[in-house]
$ cat work_11.cif   # mmCIF, C-alpha atoms, pLDDT in the B column; chains and numbers go by the auth columns
data_final
loop_
_atom_site.group_PDB
_atom_site.id
_atom_site.type_symbol
_atom_site.label_atom_id
_atom_site.label_comp_id
_atom_site.label_asym_id
_atom_site.label_seq_id
_atom_site.Cartn_x
_atom_site.Cartn_y
_atom_site.Cartn_z
_atom_site.B_iso_or_equiv
_atom_site.auth_seq_id
_atom_site.auth_asym_id
ATOM 1 C CA MET A 1 0.000 0.000 0.000 67.00 1 A
ATOM 2 C CA ASN A 2 1.583 3.263 -1.107 85.00 2 A
ATOM 3 C CA HIS A 3 0.012 6.685 -0.562 89.00 3 A
ATOM 4 C CA THR A 4 1.436 10.163 -0.987 90.00 4 A
ATOM 5 C CA PHE A 5 -0.232 13.163 0.610 88.00 5 A
ATOM 6 C CA ASN A 6 1.162 16.173 -1.250 80.00 6 A
ATOM 7 C CA GLY A 7 0.881 19.398 0.694 79.00 7 A
ATOM 8 C CA ARG A 8 -0.694 17.765 3.762 90.00 8 A
ATOM 9 C CA ASP A 9 0.918 17.709 7.201 92.00 9 A
ATOM 10 C CA PHE A 10 -0.191 15.173 9.801 96.00 10 A
ATOM 11 C CA ARG A 11 0.153 14.820 13.541 95.00 11 A
ATOM 12 C CA ILE A 12 -0.811 12.352 16.211 95.00 12 A
ATOM 13 C CA TRP A 13 -4.325 13.447 17.113 94.00 13 A
ATOM 14 C CA ASP A 14 -5.688 10.832 19.502 93.00 14 A
ATOM 15 C CA PHE A 15 -4.697 7.546 21.076 94.00 15 A
ATOM 16 C CA SER A 16 -6.912 5.279 23.134 89.00 16 A
ATOM 17 C CA VAL A 17 -4.944 2.906 25.334 89.00 17 A
ATOM 18 C CA HIS A 18 -8.122 1.140 26.420 87.00 18 A
ATOM 19 C CA HIS A 19 -9.196 0.367 22.842 88.00 19 A
ATOM 20 C CA SER A 20 -5.681 0.301 21.316 94.00 20 A
ATOM 21 C CA ARG A 21 -6.659 2.801 18.612 96.00 21 A
ATOM 22 C CA LEU A 22 -4.525 5.546 17.090 97.00 22 A
ATOM 23 C CA LEU A 23 -5.662 8.553 15.064 96.00 23 A
ATOM 24 C CA ILE A 24 -3.202 10.558 12.964 96.00 24 A
ATOM 25 C CA ARG A 25 -4.889 13.569 11.329 95.00 25 A
ATOM 26 C CA SER A 26 -4.233 16.181 8.676 95.00 26 A
ATOM 27 C CA GLN A 27 -6.530 19.154 9.219 92.00 27 A
ATOM 28 C CA PRO A 28 -8.089 21.147 6.379 90.00 28 A
ATOM 29 C CA THR A 29 -5.766 23.397 4.363 84.00 29 A
ATOM 30 C CA ASP A 30 -6.363 26.283 1.980 82.00 30 A
ATOM 31 C CA GLY A 31 -6.580 23.867 -0.937 82.00 31 A
ATOM 32 C CA HIS A 32 -8.504 21.075 0.847 84.00 32 A
ATOM 33 C CA ASN A 33 -11.535 21.675 3.056 91.00 33 A
ATOM 34 C CA TYR A 34 -11.554 18.257 4.760 93.00 34 A
ATOM 35 C CA ASN A 35 -9.567 16.198 7.268 94.00 35 A
ATOM 36 C CA ILE A 36 -7.607 13.147 6.297 94.00 36 A
ATOM 37 C CA ASP A 37 -7.563 10.625 9.143 95.00 37 A
ATOM 38 C CA LEU A 38 -5.283 7.629 9.413 96.00 38 A
ATOM 39 C CA ILE A 39 -7.017 5.245 11.809 96.00 39 A
ATOM 40 C CA PHE A 40 -5.203 2.280 13.307 97.00 40 A
ATOM 41 C CA THR A 41 -7.001 -0.370 15.372 96.00 41 A
ATOM 42 C CA ALA A 42 -5.634 -3.108 17.637 95.00 42 A
ATOM 43 C CA VAL A 43 -2.354 -1.191 17.875 96.00 43 A
ATOM 44 C CA ASP A 44 0.603 -3.200 19.194 94.00 44 A
ATOM 45 C CA TYR A 45 3.483 -0.782 18.645 95.00 45 A
ATOM 46 C CA ILE A 46 3.993 2.870 17.678 96.00 46 A
ATOM 47 C CA SER A 47 7.283 4.350 16.503 95.00 47 A
ATOM 48 C CA VAL A 48 6.404 7.721 14.972 96.00 48 A
ATOM 49 C CA PRO A 49 7.129 11.382 15.719 96.00 49 A
ATOM 50 C CA LYS A 50 4.336 13.697 16.895 95.00 50 A
ATOM 51 C CA HIS A 51 4.418 15.732 13.659 95.00 51 A
ATOM 52 C CA LEU A 52 4.519 14.001 10.275 95.00 52 A
ATOM 53 C CA ASP A 53 5.101 16.638 7.613 91.00 53 A
ATOM 54 C CA LYS A 54 4.867 15.687 3.926 87.00 54 A
ATOM 55 C CA LEU A 55 3.851 12.127 4.808 93.00 55 A
ATOM 56 C CA ASP A 56 4.113 9.120 2.530 95.00 56 A
ATOM 57 C CA ILE A 57 2.778 5.676 3.432 96.00 57 A
ATOM 58 C CA ASP A 58 4.631 2.597 2.284 96.00 58 A
ATOM 59 C CA ALA A 59 4.581 -1.154 2.847 95.00 59 A
ATOM 60 C CA ALA A 60 7.255 -2.778 4.979 96.00 60 A
ATOM 61 C CA THR A 61 10.145 -4.363 3.149 96.00 61 A
ATOM 62 C CA SER A 62 11.078 -7.951 3.969 96.00 62 A
ATOM 63 C CA GLU A 63 14.103 -6.639 5.853 96.00 63 A
ATOM 64 C CA GLU A 64 11.960 -4.218 7.900 96.00 64 A
ATOM 65 C CA HIS A 65 9.470 -7.000 8.623 96.00 65 A
ATOM 66 C CA LYS A 66 12.235 -9.234 10.004 94.00 66 A
ATOM 67 C CA SER A 67 13.642 -6.396 12.109 94.00 67 A
ATOM 68 C CA ILE A 68 10.237 -5.376 13.501 94.00 68 A
ATOM 69 C CA GLN A 69 9.268 -9.024 14.133 93.00 69 A
ATOM 70 C CA LYS A 70 12.097 -9.217 16.692 92.00 70 A
ATOM 71 C CA LEU A 71 10.188 -6.736 18.879 91.00 71 A
ATOM 72 C CA PHE A 72 7.234 -9.120 19.296 87.00 72 A
ATOM 73 C CA LYS A 73 6.657 -12.345 21.212 82.00 73 A
ATOM 74 C CA ARG A 74 4.173 -13.493 18.586 86.00 74 A
ATOM 75 C CA GLU A 75 4.184 -13.731 14.811 92.00 75 A
ATOM 76 C CA ILE A 76 3.386 -10.428 13.124 94.00 76 A
ATOM 77 C CA THR A 77 2.546 -10.294 9.433 95.00 77 A
ATOM 78 C CA LYS A 78 3.764 -7.686 6.943 95.00 78 A
ATOM 79 C CA ASP A 79 0.118 -6.608 6.539 94.00 79 A
ATOM 80 C CA GLU A 80 0.091 -5.502 10.196 96.00 80 A
ATOM 81 C CA ILE A 81 2.963 -3.061 9.628 97.00 81 A
ATOM 82 C CA THR A 82 2.379 0.393 8.136 97.00 82 A
ATOM 83 C CA ILE A 83 5.472 2.398 7.259 97.00 83 A
ATOM 84 C CA LEU A 84 5.115 6.189 7.644 97.00 84 A
ATOM 85 C CA VAL A 85 7.838 8.031 5.717 96.00 85 A
ATOM 86 C CA VAL A 86 8.666 11.555 6.888 94.00 86 A
ATOM 87 C CA GLY A 87 11.578 13.405 5.334 90.00 87 A
ATOM 88 C CA GLY A 88 12.995 10.135 4.039 92.00 88 A
ATOM 89 C CA VAL A 89 12.959 8.545 7.506 96.00 89 A
ATOM 90 C CA ARG A 90 10.852 5.380 7.823 97.00 90 A
ATOM 91 C CA HIS A 91 8.739 5.075 10.991 97.00 91 A
ATOM 92 C CA PHE A 92 6.134 2.416 11.679 97.00 92 A
ATOM 93 C CA VAL A 93 2.913 1.416 13.379 97.00 93 A
ATOM 94 C CA ALA A 94 2.096 -2.235 14.018 97.00 94 A
ATOM 95 C CA ALA A 95 -1.680 -2.689 14.115 96.00 95 A
ATOM 96 C CA ALA A 96 -4.238 -5.271 13.007 95.00 96 A
ATOM 97 C CA GLY A 97 -6.379 -2.664 11.228 96.00 97 A
ATOM 98 C CA PHE A 98 -5.682 0.452 9.188 96.00 98 A
ATOM 99 C CA GLN A 99 -7.930 2.748 7.196 95.00 99 A
ATOM 100 C CA ILE A 100 -7.801 6.199 5.626 95.00 100 A
ATOM 101 C CA SER A 101 -10.827 8.447 6.075 93.00 101 A
ATOM 102 C CA GLU A 102 -11.694 11.834 4.585 92.00 102 A
ATOM 103 C CA ASN A 103 -14.186 13.726 6.735 92.00 103 A
ATOM 104 C CA ASN A 104 -15.405 17.108 7.952 90.00 104 A
ATOM 105 C CA LEU A 105 -15.193 16.464 11.687 88.00 105 A
ATOM 106 C CA GLU A 106 -14.733 19.478 13.938 84.00 106 A
ATOM 107 C CA LEU A 107 -11.396 20.275 15.563 77.00 107 A
ATOM 108 C CA PHE A 108 -12.050 18.343 18.797 76.00 108 A
ATOM 109 C CA ASP A 109 -14.031 15.479 17.284 79.00 109 A
ATOM 110 C CA SER A 110 -12.131 12.229 17.169 74.00 110 A
ATOM 111 C CA GLY A 111 -12.439 9.900 14.197 66.00 111 A
ATOM 112 C CA LEU A 112 -11.925 7.038 16.661 70.00 112 A
ATOM 113 C CA ASP A 113 -15.592 7.213 17.625 64.00 113 A
ATOM 114 C CA LEU A 114 -16.738 6.377 14.080 50.00 114 A
#
$ encode --input "work_11.cif" --output "structure tokens"
Amino acid sequence: MNHTFNGRDFRIWDFSVHHSRLLIRSQPTDGHNYNIDLIFTAVDYISVPKHLDKLDIDAATSEEHKSIQKLFKREITKDEITILVVGGVRHFVAAAGFQISENNLELFDSGLDL
């Protein structure tokens, strides 16, 4: 899965420890009047900075998968790893579910409730 978000800056918006859900959001800009939400469910591991400017999403390489697998006591599939590329640096989230949502939620509304 590869996605490029030209001209959109993201940041960690919400995290629910109880439900293991993570929301990373890009708020509306002059050219786009909607949010873009990256919603992760059943989150096992987060290794990302707070601000993710000029974000690209990529799939884990086989080498990254092997390296990340060492962090877990159970088998983790490549599909459970989302690579977030910021300024050429590859960060990751390990989660069972991932979706991208475009919405018009207000500033303090969390996409995790959807």
$ closest_residue --input "work_11.cif" --among "A:Pro28, A:Gly88, A:Gly7, A:Gly97" --to "Ala42 (chain A)" --atoms "only C-alpha atoms"
A:Gly97
$ residues_around --input "work_11.cif" --residues "region 68-83 of chain A" --least-positions-apart "5" --cutoff "6 Å" --atoms "only C-alpha atoms" --output "PyMOL selection string"
chain A and resi 57-60+91-96
$ resolve_selection --input "work_11.cif" --expression "the PyMOL selection byres ((chain A and resi 24) around 9)" --output "compact mmCIF listing (two decimals) with C-alpha atoms, keeping the file's coordinate frame"
# COMPACT_ATOMS: atom_id res chain seq x y z
CA PHE A 10 -0.19 15.17 9.80
CA ARG A 11 0.15 14.82 13.54
CA ILE A 12 -0.81 12.35 16.21
CA TRP A 13 -4.32 13.45 17.11
CA ASP A 14 -5.69 10.83 19.50
CA PHE A 15 -4.70 7.55 21.08
CA LEU A 22 -4.53 5.55 17.09
CA LEU A 23 -5.66 8.55 15.06
CA ARG A 25 -4.89 13.57 11.33
CA SER A 26 -4.23 16.18 8.68
CA ILE A 36 -7.61 13.15 6.30
CA ASP A 37 -7.56 10.62 9.14
CA LEU A 38 -5.28 7.63 9.41
CA ILE A 39 -7.02 5.24 11.81
CA PHE A 40 -5.20 2.28 13.31
CA LEU A 52 4.52 14.00 10.28
$ axis_aligned_box --input "work_11.cif" --around "region 90-109 of chain A" --padding-each-side "8 Å" --output "JSON"
{"center_x": -2.3, "center_y": 7.5, "center_z": 11.7, "size_x": 42.3, "size_y": 41.5, "size_z": 30.2}
$ atom_distance --input "work_11.cif" --atom1 "CA of Asn33 (chain A)" --atom2 "CA of Gln99 (chain A)"
19.7 Å
$ closest_residue --input "work_11.cif" --among "A:Glu64, A:Asp44, A:Asp53, A:Glu102" --to "His19 (chain A)" --atoms "all atoms listed in the file"
A:Asp44
$ closest_residue --input "work_11.cif" --among "A:His32, A:Lys66, A:Lys50, A:Arg21" --to "Asn103 (chain A)" --atoms "only C-alpha atoms"
A:His32
$ atom_distance --input "work_11.cif" --atom1 "CA of Ser16 (chain A)" --atom2 "CA of Asp30 (chain A)"
29.8 Å
$ closest_residue --input "work_11.cif" --among "A:Thr41, A:Val48, A:His3, A:Ser20" --to "Phe98 (chain A)" --atoms "all atoms listed in the file"
A:Thr41
$ residues_around --input "work_11.cif" --residues "Glu106 (chain A)" --least-positions-apart "3" --cutoff "10 Å" --atoms "only C-alpha atoms" --output "tab-separated table (two decimals) with C-alpha atoms, in the coordinates of the input"
chain	number	residue	atom	x	y	z
A	27	GLN	CA	-6.53	19.15	9.22
A	34	TYR	CA	-11.55	18.26	4.76
A	35	ASN	CA	-9.57	16.20	7.27
A	103	ASN	CA	-14.19	13.73	6.74
A	109	ASP	CA	-14.03	15.48	17.28
A	110	SER	CA	-12.13	12.23	17.17
A	111	GLY	CA	-12.44	9.90	14.20
$ atom_distance --input "work_11.cif" --atom1 "CA of Thr4 (chain A)" --atom2 "CA of Val17 (chain A)"
28.0 Å
$ decode --input "work_11.cif" --residues "chain A" --atoms "C-alpha atoms" --output "PDB file, in the first residue's frame"
ATOM      1  CA  MET A   1       0.000   0.000   0.000  1.00  0.00           C
ATOM      2  CA  ASN A   2       1.583   3.263  -1.107  1.00  0.00           C
ATOM      3  CA  HIS A   3       0.012   6.685  -0.562  1.00  0.00           C
ATOM      4  CA  THR A   4       1.436  10.163  -0.987  1.00  0.00           C
ATOM      5  CA  PHE A   5      -0.232  13.163   0.610  1.00  0.00           C
ATOM      6  CA  ASN A   6       1.162  16.173  -1.250  1.00  0.00           C
ATOM      7  CA  GLY A   7       0.881  19.398   0.694  1.00  0.00           C
ATOM      8  CA  ARG A   8      -0.694  17.765   3.762  1.00  0.00           C
ATOM      9  CA  ASP A   9       0.918  17.709   7.201  1.00  0.00           C
ATOM     10  CA  PHE A  10      -0.191  15.173   9.801  1.00  0.00           C
ATOM     11  CA  ARG A  11       0.153  14.820  13.541  1.00  0.00           C
ATOM     12  CA  ILE A  12      -0.811  12.352  16.211  1.00  0.00           C
ATOM     13  CA  TRP A  13      -4.325  13.447  17.113  1.00  0.00           C
ATOM     14  CA  ASP A  14      -5.688  10.832  19.502  1.00  0.00           C
ATOM     15  CA  PHE A  15      -4.697   7.546  21.076  1.00  0.00           C
ATOM     16  CA  SER A  16      -6.912   5.279  23.134  1.00  0.00           C
ATOM     17  CA  VAL A  17      -4.944   2.906  25.334  1.00  0.00           C
ATOM     18  CA  HIS A  18      -8.122   1.140  26.420  1.00  0.00           C
ATOM     19  CA  HIS A  19      -9.196   0.367  22.842  1.00  0.00           C
ATOM     20  CA  SER A  20      -5.681   0.301  21.316  1.00  0.00           C
ATOM     21  CA  ARG A  21      -6.659   2.801  18.612  1.00  0.00           C
ATOM     22  CA  LEU A  22      -4.525   5.546  17.090  1.00  0.00           C
ATOM     23  CA  LEU A  23      -5.662   8.553  15.064  1.00  0.00           C
ATOM     24  CA  ILE A  24      -3.202  10.558  12.964  1.00  0.00           C
ATOM     25  CA  ARG A  25      -4.889  13.569  11.329  1.00  0.00           C
ATOM     26  CA  SER A  26      -4.233  16.181   8.676  1.00  0.00           C
ATOM     27  CA  GLN A  27      -6.530  19.154   9.219  1.00  0.00           C
ATOM     28  CA  PRO A  28      -8.089  21.147   6.379  1.00  0.00           C
ATOM     29  CA  THR A  29      -5.766  23.397   4.363  1.00  0.00           C
ATOM     30  CA  ASP A  30      -6.363  26.283   1.980  1.00  0.00           C
ATOM     31  CA  GLY A  31      -6.580  23.867  -0.937  1.00  0.00           C
ATOM     32  CA  HIS A  32      -8.504  21.075   0.847  1.00  0.00           C
ATOM     33  CA  ASN A  33     -11.535  21.675   3.056  1.00  0.00           C
ATOM     34  CA  TYR A  34     -11.554  18.257   4.760  1.00  0.00           C
ATOM     35  CA  ASN A  35      -9.567  16.198   7.268  1.00  0.00           C
ATOM     36  CA  ILE A  36      -7.607  13.147   6.297  1.00  0.00           C
ATOM     37  CA  ASP A  37      -7.563  10.625   9.143  1.00  0.00           C
ATOM     38  CA  LEU A  38      -5.283   7.629   9.413  1.00  0.00           C
ATOM     39  CA  ILE A  39      -7.017   5.245  11.809  1.00  0.00           C
ATOM     40  CA  PHE A  40      -5.203   2.280  13.307  1.00  0.00           C
ATOM     41  CA  THR A  41      -7.001  -0.370  15.372  1.00  0.00           C
ATOM     42  CA  ALA A  42      -5.634  -3.108  17.637  1.00  0.00           C
ATOM     43  CA  VAL A  43      -2.354  -1.191  17.875  1.00  0.00           C
ATOM     44  CA  ASP A  44       0.603  -3.200  19.194  1.00  0.00           C
ATOM     45  CA  TYR A  45       3.483  -0.782  18.645  1.00  0.00           C
ATOM     46  CA  ILE A  46       3.993   2.870  17.678  1.00  0.00           C
ATOM     47  CA  SER A  47       7.283   4.350  16.503  1.00  0.00           C
ATOM     48  CA  VAL A  48       6.404   7.721  14.972  1.00  0.00           C
ATOM     49  CA  PRO A  49       7.129  11.382  15.719  1.00  0.00           C
ATOM     50  CA  LYS A  50       4.336  13.697  16.895  1.00  0.00           C
ATOM     51  CA  HIS A  51       4.418  15.732  13.659  1.00  0.00           C
ATOM     52  CA  LEU A  52       4.519  14.001  10.275  1.00  0.00           C
ATOM     53  CA  ASP A  53       5.101  16.638   7.613  1.00  0.00           C
ATOM     54  CA  LYS A  54       4.867  15.687   3.926  1.00  0.00           C
ATOM     55  CA  LEU A  55       3.851  12.127   4.808  1.00  0.00           C
ATOM     56  CA  ASP A  56       4.113   9.120   2.530  1.00  0.00           C
ATOM     57  CA  ILE A  57       2.778   5.676   3.432  1.00  0.00           C
ATOM     58  CA  ASP A  58       4.631   2.597   2.284  1.00  0.00           C
ATOM     59  CA  ALA A  59       4.581  -1.154   2.847  1.00  0.00           C
ATOM     60  CA  ALA A  60       7.255  -2.778   4.979  1.00  0.00           C
ATOM     61  CA  THR A  61      10.145  -4.363   3.149  1.00  0.00           C
ATOM     62  CA  SER A  62      11.078  -7.951   3.969  1.00  0.00           C
ATOM     63  CA  GLU A  63      14.103  -6.639   5.853  1.00  0.00           C
ATOM     64  CA  GLU A  64      11.960  -4.218   7.900  1.00  0.00           C
ATOM     65  CA  HIS A  65       9.470  -7.000   8.623  1.00  0.00           C
ATOM     66  CA  LYS A  66      12.235  -9.234  10.004  1.00  0.00           C
ATOM     67  CA  SER A  67      13.642  -6.396  12.109  1.00  0.00           C
ATOM     68  CA  ILE A  68      10.237  -5.376  13.501  1.00  0.00           C
ATOM     69  CA  GLN A  69       9.268  -9.024  14.133  1.00  0.00           C
ATOM     70  CA  LYS A  70      12.097  -9.217  16.692  1.00  0.00           C
ATOM     71  CA  LEU A  71      10.188  -6.736  18.879  1.00  0.00           C
ATOM     72  CA  PHE A  72       7.234  -9.120  19.296  1.00  0.00           C
ATOM     73  CA  LYS A  73       6.657 -12.345  21.212  1.00  0.00           C
ATOM     74  CA  ARG A  74       4.173 -13.493  18.586  1.00  0.00           C
ATOM     75  CA  GLU A  75       4.184 -13.731  14.811  1.00  0.00           C
ATOM     76  CA  ILE A  76       3.386 -10.428  13.124  1.00  0.00           C
ATOM     77  CA  THR A  77       2.546 -10.294   9.433  1.00  0.00           C
ATOM     78  CA  LYS A  78       3.764  -7.686   6.943  1.00  0.00           C
ATOM     79  CA  ASP A  79       0.118  -6.608   6.539  1.00  0.00           C
ATOM     80  CA  GLU A  80       0.091  -5.502  10.196  1.00  0.00           C
ATOM     81  CA  ILE A  81       2.963  -3.061   9.628  1.00  0.00           C
ATOM     82  CA  THR A  82       2.379   0.393   8.136  1.00  0.00           C
ATOM     83  CA  ILE A  83       5.472   2.398   7.259  1.00  0.00           C
ATOM     84  CA  LEU A  84       5.115   6.189   7.644  1.00  0.00           C
ATOM     85  CA  VAL A  85       7.838   8.031   5.717  1.00  0.00           C
ATOM     86  CA  VAL A  86       8.666  11.555   6.888  1.00  0.00           C
ATOM     87  CA  GLY A  87      11.578  13.405   5.334  1.00  0.00           C
ATOM     88  CA  GLY A  88      12.995  10.135   4.039  1.00  0.00           C
ATOM     89  CA  VAL A  89      12.959   8.545   7.506  1.00  0.00           C
ATOM     90  CA  ARG A  90      10.852   5.380   7.823  1.00  0.00           C
ATOM     91  CA  HIS A  91       8.739   5.075  10.991  1.00  0.00           C
ATOM     92  CA  PHE A  92       6.134   2.416  11.679  1.00  0.00           C
ATOM     93  CA  VAL A  93       2.913   1.416  13.379  1.00  0.00           C
ATOM     94  CA  ALA A  94       2.096  -2.235  14.018  1.00  0.00           C
ATOM     95  CA  ALA A  95      -1.680  -2.689  14.115  1.00  0.00           C
ATOM     96  CA  ALA A  96      -4.238  -5.271  13.007  1.00  0.00           C
ATOM     97  CA  GLY A  97      -6.379  -2.664  11.228  1.00  0.00           C
ATOM     98  CA  PHE A  98      -5.682   0.452   9.188  1.00  0.00           C
ATOM     99  CA  GLN A  99      -7.930   2.748   7.196  1.00  0.00           C
ATOM    100  CA  ILE A 100      -7.801   6.199   5.626  1.00  0.00           C
ATOM    101  CA  SER A 101     -10.827   8.447   6.075  1.00  0.00           C
ATOM    102  CA  GLU A 102     -11.694  11.834   4.585  1.00  0.00           C
ATOM    103  CA  ASN A 103     -14.186  13.726   6.735  1.00  0.00           C
ATOM    104  CA  ASN A 104     -15.405  17.108   7.952  1.00  0.00           C
ATOM    105  CA  LEU A 105     -15.193  16.464  11.687  1.00  0.00           C
ATOM    106  CA  GLU A 106     -14.733  19.478  13.938  1.00  0.00           C
ATOM    107  CA  LEU A 107     -11.396  20.275  15.563  1.00  0.00           C
ATOM    108  CA  PHE A 108     -12.050  18.343  18.797  1.00  0.00           C
ATOM    109  CA  ASP A 109     -14.031  15.479  17.284  1.00  0.00           C
ATOM    110  CA  SER A 110     -12.131  12.229  17.169  1.00  0.00           C
ATOM    111  CA  GLY A 111     -12.439   9.900  14.197  1.00  0.00           C
ATOM    112  CA  LEU A 112     -11.925   7.038  16.661  1.00  0.00           C
ATOM    113  CA  ASP A 113     -15.592   7.213  17.625  1.00  0.00           C
ATOM    114  CA  LEU A 114     -16.738   6.377  14.080  1.00  0.00           C
TER     115      LEU A 114
END
